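See below for the structure under consideration.
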Amino acid sequence: MLVAPVLLLLIFFLVLPIAVMAGYTFFTFVTAGVETSALTTANWHEFLTDSYYSGFLVKTLRVGAITALLCGVLGYFPAYFIWATTFKHKWLLLLLLIVPFWISFTIRTFSWINILGEQGVINVALLKMGIIHEPLQMLYNEGAVILGMLHFLLPYMILNVYVSLESIDRTLISAARSMGCTSAQAFREVTLPLSLPGLAAGLLLCFVLAAGSYVTPQLLGSGRDALFGNLIYDTIMGELNWPMGATLSIVLFVVLGFFAAVYTRYMGMSQIVKGLGG
Amino acid sequence: MPDSQGTTLHPRPVLAGAAGASAAAEADSPAVEFRDIDIAYGKFVAVRDFSLSIRKGSFVTLLGPSGCGKTTILRSIAGLVDISDGQIMIDGRRVDDIPIYKRNIGLVFQSYALFPHKNVFDNVAFGLKYRNVPKPEITRKVGKALEMVRLPGSEKKLPSQLSGGQQQRIALARAIVFEPQVLLLDEPLSALDANMREEMRVEIKKIQKETGITAIFVTHDQEEALSMSDRIVVMNAGAVEQIGTPQEVYDTPATAFVADFLGKANMLAGTVSRSGQAVVLASSQTITVACSRPLAEGSKVTVVVRPQKFSVGAAVSANRLSGRVVSASYLGGSAIYDIDIGGKTNLRVNAPITGRVLREGEAIDLGFDPEGCVLLDEDGRRIS
């Protein structure tokens with residue numbers, strides 16, 4: 001009976017809104033801001049036939065995957081360092097990871113404009129030193145978008161990996177070393193495999209957050225480097241085409257949900273396979 | 001005791017010509033030898049001036065309360081802890097500078113420390129793999145080790161599918177399979193429940209005998225130490241209190257600490273009376289003690305008597321004390337009495353039952369053989 005309030009919360013704040021959105025996908029778009037409840041499959045037909053949409057979707061998934069992988073590679077080292085350091089005040093290092101969250105995400109994203117922009121720190125410095133004569137175009141491309149998302153997602157990755165490292169019994173490493181492992185071998189045999197669940201969880205989290213983002217590509221990407229989230233934003237806020245916006249939202253929701261489900265299923269399976277001595 | 005020379009306090013290391021002596025010494029040098037080692041963590045000195053020599057094939061226990069430095073010493077043999085001063089020799093070879101992974105040592109941890117992501121076979125084969133043993137040989141040796149710990153056929157299982165006792169057996173198999181020079185056991189029984197503990201105690205001892213491996217066992221449990229060891233090293237606050245066979249440390253404790261730590265002991269404070277052999281207790285009863293040298297009159301001593309050394313009843317001849325039963329607990333073959341004899345602390349007596357069990361409040365006569373006690377001086381050291 002204790003689950004009842006939770007169930008109600010889920011129904012009212014999650015299931016119902018999504019159901020309403022799903023319903024909207026079958027409404028008829030008349031003109032900007034006007035739609036009728038006459039049921040139609042026109043929105044779905046448009047999405048499925050126009051390669052403009054699927055192109056955006058593939059690009060979004062690609063950028064999400066690249067971002068997640070970069071987060072994994074770049075996040076593992078700091079996590080390992082915080083775990084392995086003999087520094088007495090570890091909490092301080094962990095606090096440093098959380099400090100960026102105290103500043104608005106939008107402001108943090110805008111700060112990249114001051115760094116990468118035409119009048120940004122890098123360009124001004126390079127120009128003054130005479131290394132370049134024209135400002136470099138570093139903003140409003142896919143690289144800038146990925147950089148911005150790395151900046152925003154790395155703490156999630158580091159914390160995820162750190163937590164799983166922290167759960168490793170350190171006597172396992174002593175045991176491995178006493179049986180003939182060098183530290184590097186002990187890392188490969190014990191630390192790395194036992195920290196993989198954290199890395200895997202971090203990858204999924206970063207992928208979903210990156211693929212679903214729209215503020216970062218809005219600010220750091222140009223129109224061309226927009227992601228699926230921006231497409232939804234434009235459709236609803238720009239064209240005021242709610243039925244199509246709802247369709248695109250449901251598409252992103254289902255696709256990311258599908259990836260998350262397959263991934264967790266696969267990771268769960270691989271844990272078992274690994275456990276069986278693979 | 002098969003090897004009464006199993007352990008000796010190294011008096012002062014004989015620094016023989018380092019080059020010549022080593023080859024000849026190989027054959028009958030001690031399995032492990034500590035020469036005046038100090039181990040410090042920053043300013044905290046965990047172990048001070050520790051010297052010990054352990055004979056090959058013997059089972060030596062480091063016994064002491066937590067924080068006495070016993071685990072630190074164990075870890076120093078494995079190379080998990082750096083020593084600050086002194087030398088550690090394994091089979092006559094100095095190992096202070098040999099990194100942990102090159103020392104040939106088997107370790108069993110309290111927490112089992114099995115690799116949770118590897119099955120039993122991969123766990124046990126781990127040490128062999130890093131010694132470049134060929135595959136068929138590994139399979140054979142792992143099978144043999146698993147038979148030895150009575151878990152044959154469990155190769156494919158994961159540690160999480162095994163009980164605590166089984167996990168510790170696998171850990172034991174993993175530690176002995178590559179035939180290390182020394183087997184180090186760091187409180188391997190503490191995480192097990194009581195029944196399992198007894199079984200494992202016998203098992204470990206049996207395997208140690210069969211393989212003839214030198215074992216160093218760390219525990220805070222005196223019962224484990226007494227039942228398993230050839231030699232016991234009793235430690236307190238980073239220093240050795242006594243080294244001896246289980247019987248020696250139990251019957252003739254060298255210090256008040258040893259007397260108190262190894263089982264229950266009655267510590268009767270008293271003063272030496274005129275005759276030199278008699279001690280007047282706080283309860284103003286007089287007892288006679290056996291001592292090889294005359295005691296100075298008026299000196300303060302402590303008489304240590306084990307609960308089992310008392311006899312109860314009217315037939316008691318020597319060192320007759322009388323008191324009143326404060327509490328009695330019946331154990332079947334014997335009974336444990338707490339007896340008020342008028343001093344500050346009650347006597348604890350464990351006596352076989354002849355006739356009926358005495359009840360609380362009843363008067364009781366008891367006595368003990370003058371040979372059955374140990375005398376400690378004012379500093380808590382044994383007088384002999």
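Residues in the structure tokens are named by chain (A, B, ... in the order shown) and by number from 1 within that chain; ligands are numbered from 1 in the order shown.
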*Specify as number ranges by chain all residues of chain B found within 9 Å of chain A, counting only C-alpha atoms.*
B: 78-80, 99-109, 111-119, 121-122, 126-131, 156-158, 174-175, 178
*If we count only C-alpha atoms, what is near A:Ala65 at a cut-off of 12 Å, once residues fewer than 3 positions away on the same chain are taken out, given as a PyMOL selection string?*
chain A and resi 58-62+68-72+146+149-150+202-212+256+259
Please dump the current selection as an mmCIF file, in the first residue's frame; keep C-alpha atoms.
```
data_model
loop_
_atom_site.group_PDB
_atom_site.id
_atom_site.type_symbol
_atom_site.label_atom_id
_atom_site.label_comp_id
_atom_site.auth_asym_id
_atom_site.auth_seq_id
_atom_site.Cartn_x
_atom_site.Cartn_y
_atom_site.Cartn_z
ATOM 1 C CA VAL A 58 21.046 9.848 -36.670
ATOM 2 C CA LYS A 59 23.218 12.902 -36.131
ATOM 3 C CA THR A 60 21.847 13.313 -32.610
ATOM 4 C CA LEU A 61 22.553 9.704 -31.715
ATOM 5 C CA ARG A 62 26.056 9.995 -33.199
ATOM 6 C CA ALA A 68 29.515 9.609 -24.003
ATOM 7 C CA LEU A 69 32.651 7.801 -25.190
ATOM 8 C CA LEU A 70 34.814 10.901 -24.732
ATOM 9 C CA CYS A 71 33.319 11.330 -21.260
ATOM 10 C CA GLY A 72 34.236 7.727 -20.484
ATOM 11 C CA ILE A 146 30.573 18.225 -28.014
ATOM 12 C CA MET A 149 28.451 18.810 -23.450
ATOM 13 C CA LEU A 150 31.683 17.233 -22.166
ATOM 14 C CA GLY A 202 28.095 6.654 -16.731
ATOM 15 C CA LEU A 203 28.158 6.002 -20.481
ATOM 16 C CA LEU A 204 24.406 5.450 -20.608
ATOM 17 C CA LEU A 205 23.687 8.516 -18.512
ATOM 18 C CA CYS A 206 25.962 10.723 -20.613
ATOM 19 C CA PHE A 207 24.547 9.352 -23.865
ATOM 20 C CA VAL A 208 20.939 9.973 -22.902
ATOM 21 C CA LEU A 209 21.652 13.421 -21.478
ATOM 22 C CA ALA A 210 23.731 14.431 -24.510
ATOM 23 C CA ALA A 211 21.265 13.123 -27.077
ATOM 24 C CA GLY A 212 18.402 14.812 -25.290
ATOM 25 C CA LEU A 256 16.383 6.940 -26.279
ATOM 26 C CA PHE A 259 18.641 2.396 -26.428
#
```
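Using only C-alpha atoms, the shortest contact distance between A:Val63 and any of A:Phe228, A:Phe47, A:Phe13, A:Phe187 is found at A:Phe228.
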Quick one: residues within 12 Å of A:Pro217, only C-alpha atoms counted, chain neighbours fewer than 2 positions away excluded, as a PDB file with N, CA and C atoms, in the first residue's frame?
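Okay, out-v6.pdb is ready:
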```
ATOM      1  N   THR A  60      21.992  13.154 -34.054  1.00  0.00           N
ATOM      2  CA  THR A  60      21.847  13.313 -32.610  1.00  0.00           C
ATOM      3  C   THR A  60      22.409  12.102 -31.869  1.00  0.00           C
ATOM      4  N   VAL A  63      26.269  12.172 -32.159  1.00  0.00           N
ATOM      5  CA  VAL A  63      26.884  13.148 -31.252  1.00  0.00           C
ATOM      6  C   VAL A  63      26.784  12.663 -29.805  1.00  0.00           C
ATOM      7  N   GLY A  64      25.629  12.091 -29.457  1.00  0.00           N
ATOM      8  CA  GLY A  64      25.450  11.563 -28.099  1.00  0.00           C
ATOM      9  C   GLY A  64      26.460  10.468 -27.800  1.00  0.00           C
ATOM     10  N   THR A 106      23.247  27.300 -18.012  1.00  0.00           N
ATOM     11  CA  THR A 106      23.239  28.188 -19.174  1.00  0.00           C
ATOM     12  C   THR A 106      24.441  29.122 -19.151  1.00  0.00           C
ATOM     13  N   THR A 109      27.526  27.365 -20.058  1.00  0.00           N
ATOM     14  CA  THR A 109      27.605  27.141 -21.499  1.00  0.00           C
ATOM     15  C   THR A 109      28.002  28.423 -22.231  1.00  0.00           C
ATOM     16  N   PHE A 110      27.402  29.549 -21.798  1.00  0.00           N
ATOM     17  CA  PHE A 110      27.738  30.848 -22.405  1.00  0.00           C
ATOM     18  C   PHE A 110      29.220  31.174 -22.257  1.00  0.00           C
ATOM     19  N   LEU A 139      33.705  28.274 -32.761  1.00  0.00           N
ATOM     20  CA  LEU A 139      32.333  28.116 -32.254  1.00  0.00           C
ATOM     21  C   LEU A 139      31.413  27.653 -33.373  1.00  0.00           C
ATOM     22  N   TYR A 140      30.188  27.354 -32.993  1.00  0.00           N
ATOM     23  CA  TYR A 140      29.115  27.027 -33.938  1.00  0.00           C
ATOM     24  C   TYR A 140      29.467  25.890 -34.885  1.00  0.00           C
ATOM     25  N   ASN A 141      30.077  24.873 -34.344  1.00  0.00           N
ATOM     26  CA  ASN A 141      30.258  23.632 -35.093  1.00  0.00           C
ATOM     27  C   ASN A 141      30.073  22.455 -34.142  1.00  0.00           C
ATOM     28  N   GLU A 142      30.129  21.267 -34.692  1.00  0.00           N
ATOM     29  CA  GLU A 142      29.863  20.074 -33.885  1.00  0.00           C
ATOM     30  C   GLU A 142      30.869  19.931 -32.744  1.00  0.00           C
ATOM     31  N   GLY A 143      32.130  20.291 -33.043  1.00  0.00           N
ATOM     32  CA  GLY A 143      33.165  20.200 -32.013  1.00  0.00           C
ATOM     33  C   GLY A 143      32.830  21.037 -30.800  1.00  0.00           C
ATOM     34  N   ALA A 144      32.371  22.254 -31.026  1.00  0.00           N
ATOM     35  CA  ALA A 144      32.027  23.146 -29.920  1.00  0.00           C
ATOM     36  C   ALA A 144      30.872  22.566 -29.119  1.00  0.00           C
ATOM     37  N   VAL A 145      29.899  21.977 -29.833  1.00  0.00           N
ATOM     38  CA  VAL A 145      28.755  21.377 -29.132  1.00  0.00           C
ATOM     39  C   VAL A 145      29.222  20.225 -28.239  1.00  0.00           C
ATOM     40  N   ILE A 146      30.083  19.367 -28.800  1.00  0.00           N
ATOM     41  CA  ILE A 146      30.573  18.225 -28.014  1.00  0.00           C
ATOM     42  C   ILE A 146      31.397  18.705 -26.822  1.00  0.00           C
ATOM     43  N   LEU A 147      32.219  19.735 -27.064  1.00  0.00           N
ATOM     44  CA  LEU A 147      33.030  20.293 -25.975  1.00  0.00           C
ATOM     45  C   LEU A 147      32.135  20.796 -24.847  1.00  0.00           C
ATOM     46  N   GLY A 148      31.098  21.538 -25.223  1.00  0.00           N
ATOM     47  CA  GLY A 148      30.181  22.071 -24.217  1.00  0.00           C
ATOM     48  C   GLY A 148      29.492  20.963 -23.436  1.00  0.00           C
ATOM     49  N   MET A 149      29.133  19.900 -24.144  1.00  0.00           N
ATOM     50  CA  MET A 149      28.451  18.810 -23.450  1.00  0.00           C
ATOM     51  C   MET A 149      29.409  18.020 -22.568  1.00  0.00           C
ATOM     52  N   ALA A 210      23.184  13.715 -23.353  1.00  0.00           N
ATOM     53  CA  ALA A 210      23.731  14.431 -24.510  1.00  0.00           C
ATOM     54  C   ALA A 210      22.744  14.414 -25.670  1.00  0.00           C
ATOM     55  N   ALA A 211      22.176  13.239 -25.941  1.00  0.00           N
ATOM     56  CA  ALA A 211      21.265  13.123 -27.077  1.00  0.00           C
ATOM     57  C   ALA A 211      19.971  13.897 -26.838  1.00  0.00           C
ATOM     58  N   GLY A 212      19.641  14.109 -25.585  1.00  0.00           N
ATOM     59  CA  GLY A 212      18.402  14.812 -25.290  1.00  0.00           C
ATOM     60  C   GLY A 212      18.598  16.301 -25.056  1.00  0.00           C
ATOM     61  N   SER A 213      19.848  16.778 -25.166  1.00  0.00           N
ATOM     62  CA  SER A 213      20.106  18.176 -24.812  1.00  0.00           C
ATOM     63  C   SER A 213      19.676  19.132 -25.932  1.00  0.00           C
ATOM     64  N   TYR A 214      19.322  20.357 -25.587  1.00  0.00           N
ATOM     65  CA  TYR A 214      19.067  21.341 -26.640  1.00  0.00           C
ATOM     66  C   TYR A 214      19.651  22.708 -26.314  1.00  0.00           C
ATOM     67  N   VAL A 215      19.981  22.967 -25.030  1.00  0.00           N
ATOM     68  CA  VAL A 215      20.553  24.274 -24.684  1.00  0.00           C
ATOM     69  C   VAL A 215      21.968  24.398 -25.261  1.00  0.00           C
ATOM     70  N   LEU A 219      23.242  27.118 -28.078  1.00  0.00           N
ATOM     71  CA  LEU A 219      24.166  28.218 -27.816  1.00  0.00           C
ATOM     72  C   LEU A 219      25.492  28.050 -28.537  1.00  0.00           C
ATOM     73  N   LEU A 220      25.992  26.802 -28.632  1.00  0.00           N
ATOM     74  CA  LEU A 220      27.331  26.596 -29.159  1.00  0.00           C
ATOM     75  C   LEU A 220      27.344  26.050 -30.582  1.00  0.00           C
ATOM     76  N   GLY A 221      26.183  25.573 -31.052  1.00  0.00           N
ATOM     77  CA  GLY A 221      26.123  25.089 -32.423  1.00  0.00           C
ATOM     78  C   GLY A 221      25.359  26.111 -33.246  1.00  0.00           C
ATOM     79  N   SER A 222      25.542  26.075 -34.539  1.00  0.00           N
ATOM     80  CA  SER A 222      24.750  26.975 -35.374  1.00  0.00           C
ATOM     81  C   SER A 222      23.482  26.231 -35.747  1.00  0.00           C
ATOM     82  N   GLY A 223      22.704  26.797 -36.653  1.00  0.00           N
ATOM     83  CA  GLY A 223      21.509  26.114 -37.111  1.00  0.00           C
ATOM     84  C   GLY A 223      21.844  24.747 -37.669  1.00  0.00           C
ATOM     85  N   ARG A 224      22.944  24.665 -38.392  1.00  0.00           N
ATOM     86  CA  ARG A 224      23.323  23.411 -39.018  1.00  0.00           C
ATOM     87  C   ARG A 224      23.696  22.361 -37.986  1.00  0.00           C
ATOM     88  N   ASP A 225      24.269  22.815 -36.872  1.00  0.00           N
ATOM     89  CA  ASP A 225      24.708  21.847 -35.886  1.00  0.00           C
ATOM     90  C   ASP A 225      23.722  21.693 -34.747  1.00  0.00           C
ATOM     91  N   ALA A 226      22.464  21.927 -35.058  1.00  0.00           N
ATOM     92  CA  ALA A 226      21.432  21.702 -34.064  1.00  0.00           C
ATOM     93  C   ALA A 226      21.226  20.207 -33.905  1.00  0.00           C
ATOM     94  N   LEU A 227      20.660  19.843 -32.765  1.00  0.00           N
ATOM     95  CA  LEU A 227      20.346  18.438 -32.528  1.00  0.00           C
ATOM     96  C   LEU A 227      18.829  18.264 -32.523  1.00  0.00           C
ATOM     97  N   PHE A 228      18.402  17.043 -32.307  1.00  0.00           N
ATOM     98  CA  PHE A 228      16.980  16.730 -32.381  1.00  0.00           C
ATOM     99  C   PHE A 228      16.158  17.576 -31.406  1.00  0.00           C
ATOM    100  N   GLY A 229      16.739  17.839 -30.249  1.00  0.00           N
ATOM    101  CA  GLY A 229      16.052  18.650 -29.246  1.00  0.00           C
ATOM    102  C   GLY A 229      15.726  20.039 -29.786  1.00  0.00           C
ATOM    103  N   ASN A 230      16.655  20.611 -30.553  1.00  0.00           N
ATOM    104  CA  ASN A 230      16.442  21.933 -31.141  1.00  0.00           C
ATOM    105  C   ASN A 230      15.337  21.905 -32.179  1.00  0.00           C
ATOM    106  N   LEU A 231      15.270  20.769 -32.878  1.00  0.00           N
ATOM    107  CA  LEU A 231      14.243  20.585 -33.887  1.00  0.00           C
ATOM    108  C   LEU A 231      12.861  20.638 -33.229  1.00  0.00           C
ATOM    109  N   TYR A 233      12.160  22.018 -30.352  1.00  0.00           N
ATOM    110  CA  TYR A 233      11.985  23.381 -29.856  1.00  0.00           C
ATOM    111  C   TYR A 233      11.468  24.297 -30.965  1.00  0.00           C
TER     112      TYR A 233
END
```
_Please extract the residues of stretch 155-275 of chain B with a backbone DSSP assignment of strand (DSSP E or B) and present them as a ChimeraX atom specification._
/B:182-186,214-219,231-236,239-244,255,266-272
*Got a sec to tell me which of stretch 188-288 of chain B DSSP assigns to alpha helix (DSSP H), as a PyMOL selection string?*
chain B and resi 194-211+222-228+246-251+256-261
_Close residues, B:Ile39 itself excluded, 8 Å, only C-alpha atoms, min 2 positions apart in chain, as number ranges by chain_ = B: 37, 41, 45-48, 72, 82-85
_Using only C-alpha atoms: which of A:Ala201, A:Ala186, A:Met138, A:Ala246 has the shortest distance to A:Tyr263_ =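 Smallest separation from A:Tyr263 among the options: A:Ala201.
Using only C-alpha atoms, the smallest distance between any of A:Ile107, A:Ile232, A:Ile132, A:Val121 and A:Thr216 comes from A:Ile107.
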